[in-house]
file start37.txt (compact mmCIF, C-alpha atoms)
# COMPACT_ATOMS: atom_id res chain seq x y z
CA ALA A 1 51.52 -20.48 34.26
CA ALA A 2 50.93 -16.76 34.77
CA MET A 3 52.53 -17.03 38.22
CA CYS A 4 55.72 -18.16 36.48
CA GLY A 5 55.77 -15.25 34.04
CA PHE A 6 53.73 -16.81 31.25
CA ASN A 7 50.83 -15.12 29.48
CA ILE A 8 47.56 -16.61 28.19
CA VAL A 9 47.41 -16.17 24.41
CA GLU A 10 44.42 -16.82 22.14
CA ILE A 11 45.17 -18.52 18.80
CA LYS A 12 42.96 -17.43 15.93
CA SER A 13 41.24 -19.78 13.50
CA ASN A 14 41.96 -19.89 9.77
CA GLU A 15 39.42 -19.59 6.97
CA LYS A 16 38.46 -23.26 7.44
CA GLY A 17 37.60 -22.77 11.11
CA LEU A 18 40.68 -24.73 12.21
CA VAL A 19 43.88 -23.78 14.00
CA ASP A 20 45.87 -21.16 12.12
CA LEU A 21 49.28 -22.84 12.11
CA ASP A 22 51.16 -19.64 11.33
CA ALA A 23 49.49 -17.90 14.26
CA LEU A 24 50.36 -20.83 16.52
CA LYS A 25 53.96 -20.91 15.32
CA SER A 26 54.35 -17.18 15.93
CA VAL A 27 53.66 -17.53 19.67
CA LEU A 28 55.41 -20.83 20.46
CA ASP A 29 58.76 -20.58 22.16
CA ASN A 30 60.62 -22.09 25.11
CA ASN A 31 58.41 -20.10 27.50
CA THR A 32 55.23 -21.85 26.32
CA ALA A 33 53.76 -24.11 29.01
CA ALA A 34 50.74 -25.64 27.24
CA ILE A 35 48.02 -25.26 24.65
CA MET A 36 44.37 -26.18 25.29
CA LEU A 37 42.59 -27.75 22.33
CA THR A 38 38.93 -28.56 21.67
CA ASN A 39 38.78 -31.35 19.06
CA PRO A 40 36.41 -31.68 17.31
CA ASN A 41 35.82 -27.99 17.83
CA THR A 42 32.55 -26.17 18.41
CA LEU A 43 31.91 -26.16 14.65
CA GLY A 44 32.13 -29.95 14.69
CA LEU A 45 35.42 -29.92 12.78
CA PHE A 46 38.30 -32.27 13.47
CA GLU A 47 41.71 -30.64 13.46
CA GLU A 48 43.25 -32.04 10.28
CA ASP A 49 46.72 -30.84 11.30
CA ILE A 50 46.59 -32.29 14.83
CA LEU A 51 49.86 -34.21 14.47
CA GLN A 52 51.67 -31.12 13.23
CA ILE A 53 50.13 -29.07 16.07
CA ALA A 54 51.27 -31.64 18.64
CA ASP A 55 54.76 -31.76 17.12
CA MET A 56 55.05 -27.97 17.17
CA VAL A 57 53.88 -27.75 20.77
CA HIS A 58 56.14 -30.54 22.00
CA LYS A 59 59.19 -29.18 20.17
CA ALA A 60 58.62 -25.96 22.10
CA GLY A 61 58.83 -28.03 25.30
CA ALA A 62 55.14 -27.55 26.07
CA LEU A 63 52.17 -29.82 26.76
CA LEU A 64 49.05 -30.37 24.68
CA TYR A 65 45.85 -30.43 26.77
CA MET A 66 42.46 -31.48 25.38
CA ASP A 67 39.13 -31.22 27.19
CA GLY A 68 36.92 -34.32 27.37
CA ALA A 69 33.63 -32.79 26.21
CA ASN A 70 34.01 -34.10 22.66
CA LEU A 71 35.91 -37.30 23.43
CA ASN A 72 33.00 -39.51 22.39
CA ALA A 73 33.43 -38.28 18.82
CA LEU A 74 36.97 -39.68 18.77
CA ILE A 75 36.40 -43.12 20.27
CA GLY A 76 36.95 -45.79 17.63
CA LEU A 77 38.56 -43.33 15.24
CA VAL A 78 41.79 -42.25 16.89
CA LYS A 79 43.45 -42.19 20.29
CA PRO A 80 44.07 -38.70 21.67
CA ALA A 81 47.56 -39.76 22.72
CA ASP A 82 48.32 -40.48 19.06
CA MET A 83 47.65 -36.79 18.44
CA GLY A 84 50.11 -35.76 21.15
CA VAL A 85 47.64 -34.99 23.93
CA ASP A 86 49.10 -35.13 27.47
CA MET A 87 46.09 -34.61 29.77
CA LEU A 88 42.30 -34.88 29.69
CA GLY A 89 40.19 -32.72 31.99
CA LEU A 90 36.95 -34.58 32.70
CA ALA A 91 35.25 -32.54 35.43
CA GLY A 92 32.49 -30.90 33.41
CA ASN A 93 28.74 -30.77 33.04
CA HIS A 94 28.78 -33.57 30.45
CA VAL A 95 30.66 -36.05 32.63
CA LEU A 96 27.58 -38.22 33.26
CA ASP A 97 25.74 -37.68 29.96
CA PHE A 98 26.16 -41.39 29.19
CA GLY A 99 25.84 -42.54 32.78
CA TYR A 100 28.37 -44.23 35.01
CA ASN A 101 29.20 -46.86 32.38
CA GLY A 102 29.96 -44.15 29.85
CA LEU A 103 32.30 -42.46 32.31
CA VAL A 104 34.07 -45.76 33.02
CA ARG A 105 34.47 -46.33 29.28
CA THR A 106 35.99 -42.87 28.87
CA LEU A 107 38.49 -43.55 31.65
CA GLU A 108 39.37 -46.95 30.15
CA VAL A 109 40.04 -45.44 26.74
CA ALA A 110 42.17 -42.71 28.29
CA LYS A 111 44.18 -45.25 30.28
CA GLU A 112 44.72 -47.46 27.22
CA ALA A 113 46.05 -44.41 25.42
CA GLY A 114 48.46 -43.61 28.25
CA LEU A 115 46.77 -40.31 29.09
CA THR A 116 46.66 -38.53 32.42
CA THR A 117 43.12 -37.61 33.51
CA VAL A 118 41.89 -35.27 36.19
CA GLY A 119 38.39 -34.68 37.54
CA ALA A 120 36.67 -38.07 37.15
CA TRP A 121 37.12 -41.53 38.66
CA ALA A 122 35.64 -45.03 38.43
CA THR A 123 36.20 -46.02 42.07
CA GLN A 124 36.57 -44.43 45.48
CA GLU A 125 40.09 -45.85 45.65
CA ALA A 126 41.03 -44.06 42.43
CA ARG A 127 39.51 -40.81 43.76
CA ASP A 128 41.55 -41.13 46.95
CA GLU A 129 44.75 -41.84 45.03
CA THR A 130 44.50 -39.35 42.15
CA GLY A 131 42.10 -36.68 43.35
CA VAL A 132 45.12 -34.41 43.00
CA MET A 133 47.33 -34.95 39.95
CA LEU A 134 50.99 -33.91 40.17
CA MET A 135 52.80 -33.23 36.89
CA ASP A 136 56.23 -31.91 35.93
CA ILE A 137 55.99 -29.19 33.27
CA ASN A 138 59.36 -27.94 32.07
CA GLY A 139 60.81 -28.63 35.51
CA ILE A 140 57.93 -26.94 37.35
CA LYS A 141 55.97 -29.20 39.73
CA VAL A 142 52.26 -28.49 39.28
CA ALA A 143 49.44 -30.01 41.32
CA PHE A 144 46.13 -30.06 39.43
CA VAL A 145 42.64 -30.24 40.91
CA ALA A 146 39.44 -29.98 38.87
CA TYR A 147 35.83 -29.15 39.72
CA THR A 148 32.53 -28.82 37.87
CA TYR A 149 29.56 -26.66 38.82
CA GLY A 150 27.14 -29.48 37.98
CA THR A 151 26.22 -32.45 35.81
CA ASN A 152 23.43 -31.29 33.49
CA GLY A 153 20.75 -32.11 36.04
CA ILE A 154 21.94 -35.70 36.41
CA PRO A 155 22.41 -36.63 40.09
CA LEU A 156 25.55 -38.46 41.12
CA PRO A 157 24.84 -42.19 41.62
CA LYS A 158 23.97 -42.67 45.29
CA ASP A 159 26.58 -45.38 45.74
CA LYS A 160 29.15 -43.68 43.49
CA GLU A 161 29.37 -40.06 44.57
CA PHE A 162 33.13 -40.19 43.99
CA VAL A 163 32.76 -40.10 40.18
CA THR A 164 33.57 -36.39 39.81
CA SER A 165 34.53 -33.34 41.86
CA LEU A 166 31.69 -30.94 42.50
CA LEU A 167 32.26 -27.27 43.17
CA TYR A 168 28.89 -26.95 44.93
CA LYS A 169 26.91 -29.11 47.32
CA ASP A 170 23.65 -27.84 45.82
CA TYR A 171 24.77 -28.68 42.28
CA MET A 172 21.23 -29.65 41.26
CA THR A 173 19.66 -26.33 42.24
CA LYS A 174 21.07 -22.92 43.20
CA LEU A 175 24.86 -23.45 43.01
CA SER A 176 25.31 -21.37 46.11
CA VAL A 177 26.80 -23.70 48.76
CA LEU A 178 30.46 -24.44 48.10
CA ASN A 179 31.60 -28.05 48.55
CA GLU A 180 34.10 -26.80 51.11
CA GLU A 181 34.91 -30.06 52.90
CA GLN A 182 35.96 -31.87 49.71
CA ILE A 183 37.82 -28.88 48.30
CA LEU A 184 39.76 -28.32 51.52
CA SER A 185 40.67 -32.01 51.66
CA ASP A 186 41.97 -31.89 48.08
CA LEU A 187 43.98 -28.73 48.66
CA GLU A 188 45.56 -30.12 51.82
CA LYS A 189 46.66 -33.15 49.82
CA ALA A 190 47.99 -30.87 47.09
CA ARG A 191 50.03 -28.77 49.53
CA ASN A 192 51.53 -31.91 51.05
CA MET A 193 52.97 -32.74 47.61
CA GLU A 194 55.07 -29.55 47.91
CA PRO A 195 54.40 -28.34 44.35
CA ASP A 196 55.60 -25.08 42.85
CA LEU A 197 52.02 -24.28 41.85
CA ILE A 198 48.51 -25.49 42.56
CA ILE A 199 46.21 -25.08 39.56
CA ALA A 200 42.44 -25.47 39.79
CA ILE A 201 40.56 -26.27 36.58
CA THR A 202 37.04 -24.98 37.16
CA HIS A 203 34.04 -25.72 34.94
CA TRP A 204 31.62 -22.96 35.95
CA GLY A 205 29.82 -19.79 34.97
CA SER A 206 27.15 -18.93 32.38
CA GLU A 207 27.48 -19.74 28.69
CA TYR A 208 28.21 -16.79 26.38
CA HIS A 209 28.62 -14.37 29.31
CA THR A 210 31.83 -12.35 29.14
CA SER A 211 31.83 -11.46 32.84
CA PRO A 212 32.05 -13.84 35.81
CA THR A 213 29.04 -14.44 38.02
CA SER A 214 28.96 -13.71 41.73
CA HIS A 215 29.15 -17.48 42.32
CA GLN A 216 32.38 -17.67 40.33
CA GLU A 217 33.86 -14.76 42.27
CA LYS A 218 32.98 -16.36 45.61
CA ALA A 219 34.41 -19.74 44.62
CA ALA A 220 37.61 -18.15 43.26
CA GLN A 221 38.20 -16.27 46.49
CA PHE A 222 37.74 -19.45 48.53
CA LEU A 223 40.16 -21.40 46.33
CA PHE A 224 42.81 -18.68 46.50
CA GLU A 225 42.50 -18.21 50.25
CA ASN A 226 43.07 -21.95 50.71
CA GLY A 227 46.19 -22.36 48.61
CA VAL A 228 45.35 -22.31 44.89
CA ASP A 229 47.76 -20.22 42.81
CA VAL A 230 46.11 -20.33 39.38
CA ILE A 231 42.49 -20.86 38.29
CA LEU A 232 41.74 -21.86 34.70
CA GLY A 233 38.03 -21.62 33.99
CA SER A 234 35.88 -23.13 31.27
CA HIS A 235 32.22 -23.64 30.24
CA PRO A 236 31.11 -20.16 29.08
CA HIS A 237 32.68 -20.87 25.60
CA VAL A 238 33.78 -17.23 25.40
CA PRO A 239 36.64 -15.45 27.19
CA GLU A 240 35.95 -13.90 30.54
CA MET A 241 38.18 -11.72 32.71
CA HIS A 242 41.84 -12.70 33.18
CA GLU A 243 43.72 -10.96 35.95
CA ARG A 244 46.41 -11.13 38.58
CA ARG A 245 45.34 -10.51 42.14
CA THR A 246 46.97 -10.14 45.52
CA VAL A 247 45.21 -12.18 48.18
CA THR A 248 45.70 -13.05 51.82
CA THR A 249 45.46 -16.76 52.58
CA VAL A 250 43.79 -18.28 55.64
CA TRP A 251 47.30 -18.61 57.07
CA GLY A 252 47.90 -14.85 56.82
CA GLU A 253 50.26 -15.08 53.85
CA GLU A 254 49.97 -12.39 51.18
CA LYS A 255 50.64 -13.69 47.69
CA GLU A 256 50.02 -13.01 44.02
CA VAL A 257 47.58 -15.29 42.18
CA PHE A 258 46.08 -15.49 38.70
CA VAL A 259 42.56 -16.25 37.50
CA SER A 260 41.09 -16.80 34.07
CA PHE A 261 37.37 -17.02 34.76
CA SER A 262 36.97 -18.50 31.29
CA LEU A 263 39.61 -19.30 28.70
CA GLY A 264 36.90 -19.52 26.07
CA ASN A 265 37.14 -21.87 23.10
CA LEU A 266 40.65 -20.79 22.28
CA ILE A 267 40.90 -22.34 18.83
CA SER A 268 37.31 -22.82 17.69
CA GLY A 269 34.38 -20.72 16.53
CA GLN A 270 30.88 -20.09 17.85
CA THR A 271 27.51 -19.83 16.15
CA TYR A 272 26.23 -17.10 18.48
CA ASP A 273 27.27 -13.49 18.88
CA TYR A 274 28.25 -12.36 22.37
call {"tool": "encode", "arguments": {"input": "start37.txt", "output": "structure tokens"}}
result
Amino acid sequence: AAMCGFNIVEIKSNEKGLVDLDALKSVLDNNTAAIMLTNPNTLGLFEEDILQIADMVHKAGALLYMDGANLNALIGLVKPADMGVDMLGLAGNHVLDFGYNGLVRTLEVAKEAGLTTVGAWATQEARDETGVMLMDINGIKVAFVAYTYGTNGIPLPKDKEFVTSLLYKDYMTKLSVLNEEQILSDLEKARNMEPDLIIAITHWGSEYHTSPTSHQEKAAQFLFENGVDVILGSHPHVPEMHERRTVTTVWGEEKEVFVSFSLGNLISGQTYDY
């Protein structure tokens, strides 16, 4: 979004710990691309005005994106699509908390709700087909890829290593060896779609740290050099550095890119100081 002239804006919470609707309204306009929502939020609160939030966002011509970390709290109560959510990002450290069957159930619920998902798959065929997700956002063709640093110490099933996209080969230990072969394959597929932008959603970094780690910096450079235009980071729960950079790709092209090492929990609170 930043490559197209958009800015990343943080929306404050109200006295209840929920989205401040006036603050949201004040920043929504026809230049708004999307809002990222954590629901229930870090305080464990469900957004009571979710339908109004979705309506406001969609009337501005934007998308509503919700991460999958708290999806289990919603199953059986409400479908995210009923709240106006457009996409679920599932490549995160909690993706296998309930095992392969839990992941499959999450994907089934998302499909039943008509949601687009990125970052997790039930079969190798699905991984091959939708490892890169192409979406049209206000007339801009965007190819999304998603990666997670690890899986909370849970190894990928030996016969089902396709279930999520790993940023590192040594995801169980040092997080120092980039999963270059898979990433390069994904980015080649993304470029062949001829999008206006390639966005990488990266679940990485250290919780409650406001600066990126050396591992994040190395991974970001690799992604940019191989075709990514925008990186949207998550996992630390707090904002980390956002900046535009000028990089030279492996093809010798100089271009401007944008990275948010961590968006933070944009519309929720935390119980720890940082």
call {"tool": "residues_around", "arguments": {"input": "start37.txt", "residues": "Ile198 in chain A", "least_positions_apart": "4", "cutoff": "6 Å", "atoms": "only C-alpha atoms", "output": "list of chain:residue names"}}
result
A:Val142, A:Ala143, A:Val228, A:Asp229
call {"tool": "residues_around", "arguments": {"input": "start37.txt", "residues": "Trp204 in chain A", "least_positions_apart": "5", "cutoff": "10 Å", "atoms": "only C-alpha atoms", "output": "JSON, numbers by chain"}}
result
{"A": [92, 93, 147, 148, 149, 150, 167, 175, 212, 213, 215, 216, 219, 233, 234, 235, 236, 261, 262]}
call {"tool": "residues_around", "arguments": {"input": "start37.txt", "residues": "range 188-190 of chain A", "least_positions_apart": "6", "cutoff": "9 Å", "atoms": "all atoms listed in the file", "output": "count of residues only"}}
result
10
call {"tool": "atom_distance", "arguments": {"input": "start37.txt", "atom1": "CA of Pro239 in chain A", "atom2": "CA of Asp82 in chain A"}}
result
28.8 Å
call {"tool": "atom_distance", "arguments": {"input": "start37.txt", "atom1": "CA of Val238 in chain A", "atom2": "CA of Asn265 in chain A"}}
result
6.2 Å
call {"tool": "atom_distance", "arguments": {"input": "start37.txt", "atom1": "CA of Val177 in chain A", "atom2": "CA of Glu217 in chain A"}}
result
13.1 Å
call {"tool": "closest_residue", "arguments": {"input": "start37.txt", "among": "A:Leu21, A:Met36, A:Val27, A:Met87", "to": "Asp49 in chain A", "atoms": "all atoms listed in the file"}}
result
A:Leu21
call {"tool": "closest_residue", "arguments": {"input": "start37.txt", "among": "A:Leu184, A:Ala23, A:Met241, A:Ala54", "to": "Phe222 in chain A", "atoms": "only C-alpha atoms"}}
result
A:Leu184
call {"tool": "decode", "arguments": {"input": "start37.txt", "residues": "range 205-217 of chain A", "atoms": "all heavy atoms", "output": "CSV table (one decimal), in the first residue's frame"}}
result
chain,number,residue,atom,x,y,z
A,205,GLY,N,10.2,-12.1,14.3
A,205,GLY,CA,10.6,-11.2,15.3
A,205,GLY,C,10.4,-11.6,16.7
A,205,GLY,O,9.9,-12.7,17.0
A,206,SER,N,10.7,-10.8,17.7
A,206,SER,CA,10.6,-11.1,19.1
A,206,SER,C,9.5,-10.3,19.7
A,206,SER,O,9.4,-9.0,19.5
A,206,SER,CB,11.9,-10.7,19.8
A,206,SER,OG,13.0,-11.5,19.3
A,207,GLU,N,8.7,-10.9,20.5
A,207,GLU,CA,7.5,-10.3,21.2
A,207,GLU,C,8.0,-9.1,22.1
A,207,GLU,O,8.9,-9.2,22.8
A,207,GLU,CB,6.7,-11.3,22.0
A,207,GLU,CG,6.0,-12.3,21.1
A,207,GLU,CD,5.1,-13.2,21.9
A,207,GLU,OE1,5.3,-13.3,23.1
A,207,GLU,OE2,4.2,-13.8,21.3
A,208,TYR,N,7.2,-8.0,21.9
A,208,TYR,CA,7.4,-6.8,22.8
A,208,TYR,C,8.7,-6.1,22.5
A,208,TYR,O,9.1,-5.2,23.2
A,208,TYR,CB,7.3,-7.1,24.3
A,208,TYR,CG,6.0,-7.8,24.5
A,208,TYR,CD1,5.9,-9.1,24.9
A,208,TYR,CD2,4.8,-7.1,24.4
A,208,TYR,CE1,4.7,-9.8,25.1
A,208,TYR,CE2,3.6,-7.8,24.6
A,208,TYR,CZ,3.6,-9.1,25.0
A,208,TYR,OH,2.4,-9.7,25.2
A,209,HIS,N,9.4,-6.4,21.4
A,209,HIS,CA,10.6,-5.7,21.0
A,209,HIS,C,10.2,-4.6,20.0
A,209,HIS,O,9.5,-5.0,19.0
A,209,HIS,CB,11.7,-6.6,20.4
A,209,HIS,CG,12.4,-7.4,21.5
A,209,HIS,ND1,13.7,-7.7,21.4
A,209,HIS,CD2,11.9,-8.0,22.6
A,209,HIS,CE1,14.1,-8.5,22.4
A,209,HIS,NE2,13.0,-8.7,23.2
A,210,THR,N,10.7,-3.4,20.1
A,210,THR,CA,10.3,-2.4,19.2
A,210,THR,C,11.3,-2.2,18.1
A,210,THR,O,11.1,-1.2,17.3
A,210,THR,CB,10.1,-1.0,20.0
A,210,THR,OG1,11.3,-0.8,20.7
A,210,THR,CG2,9.0,-1.1,21.0
A,211,SER,N,12.3,-3.0,18.0
A,211,SER,CA,13.3,-2.9,16.9
A,211,SER,C,13.4,-4.3,16.3
A,211,SER,O,13.3,-5.3,17.0
A,211,SER,CB,14.7,-2.5,17.4
A,211,SER,OG,14.6,-1.2,18.0
A,212,PRO,N,13.6,-4.4,15.0
A,212,PRO,CA,13.7,-5.7,14.3
A,212,PRO,C,15.0,-6.4,14.7
A,212,PRO,O,16.0,-5.7,15.0
A,212,PRO,CB,13.7,-5.3,12.8
A,212,PRO,CG,14.2,-3.9,12.8
A,212,PRO,CD,13.7,-3.2,14.0
A,213,THR,N,15.0,-7.7,14.6
A,213,THR,CA,16.2,-8.5,14.9
A,213,THR,C,17.1,-8.6,13.6
A,213,THR,O,16.6,-8.2,12.5
A,213,THR,CB,15.8,-9.9,15.3
A,213,THR,OG1,15.2,-10.6,14.2
A,213,THR,CG2,14.9,-9.9,16.5
A,214,SER,N,18.3,-9.0,13.8
A,214,SER,CA,19.1,-9.2,12.6
A,214,SER,C,18.6,-10.2,11.7
A,214,SER,O,18.7,-10.1,10.4
A,214,SER,CB,20.5,-9.6,13.1
A,214,SER,OG,20.5,-10.9,13.8
A,215,HIS,N,17.8,-11.2,12.2
A,215,HIS,CA,17.2,-12.2,11.3
A,215,HIS,C,16.1,-11.6,10.5
A,215,HIS,O,16.0,-11.9,9.3
A,215,HIS,CB,16.6,-13.4,12.2
A,215,HIS,CG,17.6,-14.2,12.9
A,215,HIS,ND1,18.8,-14.6,12.4
A,215,HIS,CD2,17.6,-14.7,14.2
A,215,HIS,CE1,19.5,-15.3,13.3
A,215,HIS,NE2,18.8,-15.4,14.4
A,216,GLN,N,15.3,-10.7,11.1
A,216,GLN,CA,14.3,-10.0,10.3
A,216,GLN,C,14.9,-9.2,9.2
A,216,GLN,O,14.4,-9.2,8.1
A,216,GLN,CB,13.5,-9.1,11.2
A,216,GLN,CG,12.5,-9.8,12.1
A,216,GLN,CD,11.9,-8.9,13.1
A,216,GLN,OE1,12.4,-8.6,14.2
A,216,GLN,NE2,10.7,-8.3,12.8
A,217,GLU,N,16.0,-8.5,9.5
A,217,GLU,CA,16.7,-7.6,8.5
A,217,GLU,C,17.2,-8.5,7.4
A,217,GLU,O,17.0,-8.1,6.2
A,217,GLU,CB,17.8,-6.9,9.2
A,217,GLU,CG,17.4,-5.7,10.1
A,217,GLU,CD,17.1,-4.5,9.4
A,217,GLU,OE1,17.0,-4.5,8.1
A,217,GLU,OE2,16.9,-3.4,10.0
